[in-house]
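A.B. asks: Pasting in a structure now, in structure tokens, and then I'll have a few things to ask.
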Amino acid sequence: MELRQLRYFIAVAEELHFGRAAERLHMAQPPLSQQIKKLEEDLGVMLFDRTNRRVLLTQEGRKFLCVARNTLETLGNGIEQVGMMSRGEIGRLRIGFISSATQTDFTEALAEFRTLYPGIVLDIHEMHSVEQREGLLNNSLDVGILCGAFCGDERFEHTLLLREPYLLAVHKCHPLAKQGKARITDLHQENFITFPRYIHPAQSAATFLEKGVVPRTVQEAVTHHTKLALVSTGLGVALVPARMARTCPKCVRLLPFDWEGKGHISEIHVLWRRGEKSPALECFLEVMEKYCNRDSLPCADDMTCVG
């Protein structure tokens with residue numbers, strides 16, 4: 001049985017006239033009659049009750065008409081969906097993001113993407129950068145929004161979303177709040193809130209050692225949001241990227257921070273597996289590109305890009 005035979009059968013069944021059906025199909029009547037006869041032989045049933053005056057569907061013919069229509073409709077829908085998948089219009093995209101990415105244009109880009117590609121299901125997960133890297137490697141993620149310290153692996157491709165300075169978060173009653181700015185030496189023996197090493201590499205520790213600065217770590221926090229919350233209690237001070245000003249508690253002050261030499265800046269990158277761009281990911285990266293590098297700082301020679 002061939003698909004064209006189904007189309008021939010549907011035309012005859014709807015016209016109930018071989019001549020009109022042949023005209024509709026832009027073919028001669030004899031080949032059409034031959035194809036219908038062959039279809040009946042293949043099925044082993046009579047689909048039409050033919051007389052010199054009329055053509056009627058048999059009971060089997062009426063049932064097969066439903067089957068033929070459903071078959072062609074299903075095939076048509078399948079072909080359309082395959083085309084949409086190849087164009088990135090439908091599918092699923094698994095995205096990881098660090099919590100502080102919500103304080104960037106990432107959320108705006110995500111909203112635009114959902115508007116442009118409603119057929120793509122977004123599977124979004126808040127994850128630490130280390131978890132995202134592992135998710136990309138084990139294929140449980142398609143793309144990650146994570147800190148710049150994890151972009152050196154040649155197995156990945158990446159593009160910069162945002163680059164900005166670190167600020168020192170202090171409680172409004174802290175002595176440094178009155179100064180209006182802070183230096184790295186101000187952190188010596190200062191109660192300090194930082195990330196655990198398993199979440200974020202402590203690249204600033206080497207800079208502290210070079211300056212003879214030894215902060216007193218009183219608490220570890222897994223997000224910048226948690227750092228600010230702890231600073232608001234007066235527990236200690238913390239370094240956070242400038243984007244956190246959008247969600248800073250009222251009792252916390254964010255001070256310009258002088259590293260007194262080689263410093264550190266915060267970077268957020270879009271990261272994906274090298275050479276593995278699905279159509280859906282291509283569409284996502286195209287949208288993200290419009291939001292990348294907005295209001296970013298240049299990376300100077302005396303600055304180290306972290307996260």
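Chain labels A, B, ... are given in the sequence in which chains occur in the structure tokens; within each chain residues are numbered consecutively from 1, and ligands are likewise numbered from 1 in the order shown.
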Write out as a list in words which residues come within 8 Å of Thr223 (chain A) when counting only C-alpha atoms, dropping same-chain ones fewer than 3 positions away.

C.D. replies: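 The residues satisfying every condition are Ser99, Ser100, Phe195, Thr226 and Lys227 of chain A.
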
A.B. asks: Just to be explicit: take each residue in the selection above, keep N, CA and C atoms, and write the result as a short mmCIF file (atom, residue, chain, number, x, y, z; two decimals), in the first residue's frame.

C.D. replies:
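Result written to result_9.cif:
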```
data_model
loop_
_atom_site.label_atom_id
_atom_site.label_comp_id
_atom_site.auth_asym_id
_atom_site.auth_seq_id
_atom_site.Cartn_x
_atom_site.Cartn_y
_atom_site.Cartn_z
N SER A 99 22.28 31.70 41.15
CA SER A 99 21.21 32.52 41.71
C SER A 99 21.38 34.00 41.38
N SER A 100 22.61 34.49 41.38
CA SER A 100 22.82 35.91 41.14
C SER A 100 22.56 36.31 39.68
N PHE A 195 32.20 32.12 50.30
CA PHE A 195 31.69 30.88 49.71
C PHE A 195 32.48 29.68 50.22
N THR A 226 22.49 35.03 50.19
CA THR A 226 22.65 34.63 51.58
C THR A 226 23.74 35.46 52.26
N LYS A 227 24.80 35.77 51.53
CA LYS A 227 25.84 36.64 52.08
C LYS A 227 25.23 37.96 52.56
#
```

A.B. asks: Considering only C-alpha atoms, return as JSON, numbers by chain whatever protein or nucleic-acid residues lie within 9 Å of Phe156 (chain A), sequence-local ones (same chain, fewer than 2 positions apart) excluded.

C.D. replies: {"A": [136, 151, 152, 153, 154, 158, 271, 272, 273, 274, 275]}

A.B. asks: Check the smallest atom-to-atom distance from each of A:His224, A:Arg7, A:Arg253, A:Glu23 to Gln179 (chain A) using only C-alpha atoms, then report the winner.

C.D. replies: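 Among the listed residues, A:Arg253 lies closest to Gln179 (chain A).
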
A.B. asks: Got a sec: who's within 12 Å of Cys292 (chain A), counting only C-alpha atoms, leaving out chain neighbours fewer than 3 positions off, as a list in words?

C.D. replies: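 Skipping anything fewer than 3 positions along the chain leaves Thr104, Asp105, Phe106, Glu108, Ala109, Ile145, His158, Thr159, Leu160, Leu161, Leu162, Arg163, Glu267, Ile268, His269, Val270, Leu285, Glu286, Val287, Met288, Glu289, Asp295 and Ser296 of chain A.
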
A.B. asks: Select, from A:Gly135, A:Asp142, A:Leu3, A:Leu56, the residue with the minimum atom-to-atom distance to Lys277 (chain A), counting only C-alpha atoms.

C.D. replies: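 Ranked by minimum distance to Lys277 (chain A), first place goes to A:Asp142.
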
A.B. asks: Write out as a PyMOL selection string all residues of region 11-143 of chain A that DSSP puts in helix (DSSP H, G or I) for this structure's backbone.

C.D. replies: chain A and resi 11-15+18-24+29-43+59-86+99-103+106-116+129-137

A.B. asks: Take CA of Glu60 (chain A) and CA of Asn77 (chain A) and report the distance between them in Å, one decimal.

C.D. replies: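 Pair CA of Glu60 (chain A) / CA of Asn77 (chain A) returns 25.8 Å.
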
A.B. asks: Smallest atom-to-atom distance to Phe150 (chain A): which of A:His128, A:Arg53, A:Lys290, A:Arg183, using only C-alpha atoms?

C.D. replies: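 Distance minimum relative to Phe150 (chain A) lands on A:His128.
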
A.B. asks: Mind listing the strand (DSSP E) residues of region 96-170 of chain A, per DSSP on the backbone, as a ChimeraX atom specification?

C.D. replies: /A:96-97,119-126,143-147,156-170

A.B. asks: Could you work out how far CA of Glu112 (chain A) lies from CA of His225 (chain A), giving the answer in Å with one decimal?

C.D. replies: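 We find that CA of His225 (chain A) and CA of Glu112 (chain A) lie 25.2 Å from each other.
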
A.B. asks: Can you work out the spacing between CA of Ser204 (chain A) and CA of Ile95 (chain A) in Å, to one decimal?

C.D. replies: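 Computing the Euclidean distance for CA of Ser204 (chain A) and CA of Ile95 (chain A) yields 28.3 Å.
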
A.B. asks: Fewer than 2 positions away in the same chain doesn't count, so skip those; otherwise give me all residues within 10 Å of Val130 (chain A), counting only C-alpha atoms, as a PDB file with N, CA, C and O atoms, in the first residue's frame.

C.D. replies:
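What ended up in part-v8.pdb:
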```pdb
ATOM      1  N   ILE A  98      23.181  30.291  37.978  1.00  0.00           N
ATOM      2  CA  ILE A  98      23.508  30.646  39.350  1.00  0.00           C
ATOM      3  C   ILE A  98      22.477  31.650  39.852  1.00  0.00           C
ATOM      4  O   ILE A  98      21.884  32.399  39.073  1.00  0.00           O
ATOM      5  N   MET A 127      21.453  26.332  40.057  1.00  0.00           N
ATOM      6  CA  MET A 127      22.549  25.433  40.415  1.00  0.00           C
ATOM      7  C   MET A 127      23.828  26.232  40.608  1.00  0.00           C
ATOM      8  O   MET A 127      24.013  27.274  39.985  1.00  0.00           O
ATOM      9  N   HIS A 128      24.711  25.718  41.465  1.00  0.00           N
ATOM     10  CA  HIS A 128      26.039  26.308  41.591  1.00  0.00           C
ATOM     11  C   HIS A 128      26.820  26.067  40.305  1.00  0.00           C
ATOM     12  O   HIS A 128      26.511  25.168  39.526  1.00  0.00           O
ATOM     13  N   GLN A 132      26.686  22.972  37.543  1.00  0.00           N
ATOM     14  CA  GLN A 132      26.370  23.186  36.134  1.00  0.00           C
ATOM     15  C   GLN A 132      27.430  22.571  35.231  1.00  0.00           C
ATOM     16  O   GLN A 132      27.116  21.958  34.207  1.00  0.00           O
ATOM     17  N   ARG A 133      28.686  22.747  35.611  1.00  0.00           N
ATOM     18  CA  ARG A 133      29.770  22.168  34.816  1.00  0.00           C
ATOM     19  C   ARG A 133      29.603  20.650  34.730  1.00  0.00           C
ATOM     20  O   ARG A 133      29.751  20.062  33.652  1.00  0.00           O
ATOM     21  N   GLU A 134      29.298  20.014  35.849  1.00  0.00           N
ATOM     22  CA  GLU A 134      29.092  18.563  35.850  1.00  0.00           C
ATOM     23  C   GLU A 134      27.861  18.193  35.033  1.00  0.00           C
ATOM     24  O   GLU A 134      27.859  17.184  34.319  1.00  0.00           O
ATOM     25  N   GLY A 135      26.811  19.003  35.132  1.00  0.00           N
ATOM     26  CA  GLY A 135      25.601  18.744  34.359  1.00  0.00           C
ATOM     27  C   GLY A 135      25.843  18.825  32.865  1.00  0.00           C
ATOM     28  O   GLY A 135      25.280  18.039  32.088  1.00  0.00           O
ATOM     29  N   LEU A 146      26.816  30.704  34.349  1.00  0.00           N
ATOM     30  CA  LEU A 146      27.658  30.445  35.510  1.00  0.00           C
ATOM     31  C   LEU A 146      28.846  31.398  35.559  1.00  0.00           C
ATOM     32  O   LEU A 146      29.058  32.190  34.648  1.00  0.00           O
ATOM     33  N   CYS A 147      29.621  31.291  36.638  1.00  0.00           N
ATOM     34  CA  CYS A 147      30.711  32.236  36.849  1.00  0.00           C
ATOM     35  C   CYS A 147      31.892  31.934  35.932  1.00  0.00           C
ATOM     36  O   CYS A 147      32.079  30.804  35.467  1.00  0.00           O
ATOM     37  N   ALA A 149      35.012  31.584  36.307  1.00  0.00           N
ATOM     38  CA  ALA A 149      36.131  30.740  36.722  1.00  0.00           C
ATOM     39  C   ALA A 149      36.058  29.344  36.131  1.00  0.00           C
ATOM     40  O   ALA A 149      37.026  28.591  36.197  1.00  0.00           O
ATOM     41  N   PHE A 150      34.916  28.981  35.522  1.00  0.00           N
ATOM     42  CA  PHE A 150      34.734  27.609  35.036  1.00  0.00           C
ATOM     43  C   PHE A 150      34.698  27.546  33.511  1.00  0.00           C
ATOM     44  O   PHE A 150      34.162  26.618  32.930  1.00  0.00           O
ATOM     45  N   TYR A 198      34.112  24.232  47.893  1.00  0.00           N
ATOM     46  CA  TYR A 198      33.571  23.272  46.936  1.00  0.00           C
ATOM     47  C   TYR A 198      32.614  23.943  45.944  1.00  0.00           C
ATOM     48  O   TYR A 198      32.302  23.380  44.886  1.00  0.00           O
ATOM     49  N   ILE A 199      32.124  25.136  46.278  1.00  0.00           N
ATOM     50  CA  ILE A 199      31.215  25.854  45.393  1.00  0.00           C
ATOM     51  C   ILE A 199      31.968  26.819  44.508  1.00  0.00           C
ATOM     52  O   ILE A 199      31.662  26.979  43.326  1.00  0.00           O
ATOM     53  N   HIS A 200      32.979  27.459  45.063  1.00  0.00           N
ATOM     54  CA  HIS A 200      33.667  28.514  44.319  1.00  0.00           C
ATOM     55  C   HIS A 200      35.137  28.499  44.690  1.00  0.00           C
ATOM     56  O   HIS A 200      35.495  28.462  45.869  1.00  0.00           O
ATOM     57  N   PRO A 201      36.016  28.515  43.689  1.00  0.00           N
ATOM     58  CA  PRO A 201      37.460  28.519  44.005  1.00  0.00           C
ATOM     59  C   PRO A 201      37.853  29.803  44.723  1.00  0.00           C
ATOM     60  O   PRO A 201      37.465  30.893  44.323  1.00  0.00           O
TER      61      PRO A 201
END
```

A.B. asks: Rank nothing, just name the residue among A:Tyr291, A:Phe97, A:Phe257, A:Tyr117 nearest to Gly180 (chain A), using only C-alpha atoms.

C.D. replies: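 Looking only at the distances to Gly180 (chain A), the closest residue turns out to be A:Phe257.
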
A.B. asks: Kindly indicate which residue among A:Cys173, A:Leu230, A:Ile184, A:Met1 lies nearest to Glu210 (chain A), using only C-alpha atoms for the distances.

C.D. replies: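 Closest residue, counting only C-alpha atoms: A:Ile184.
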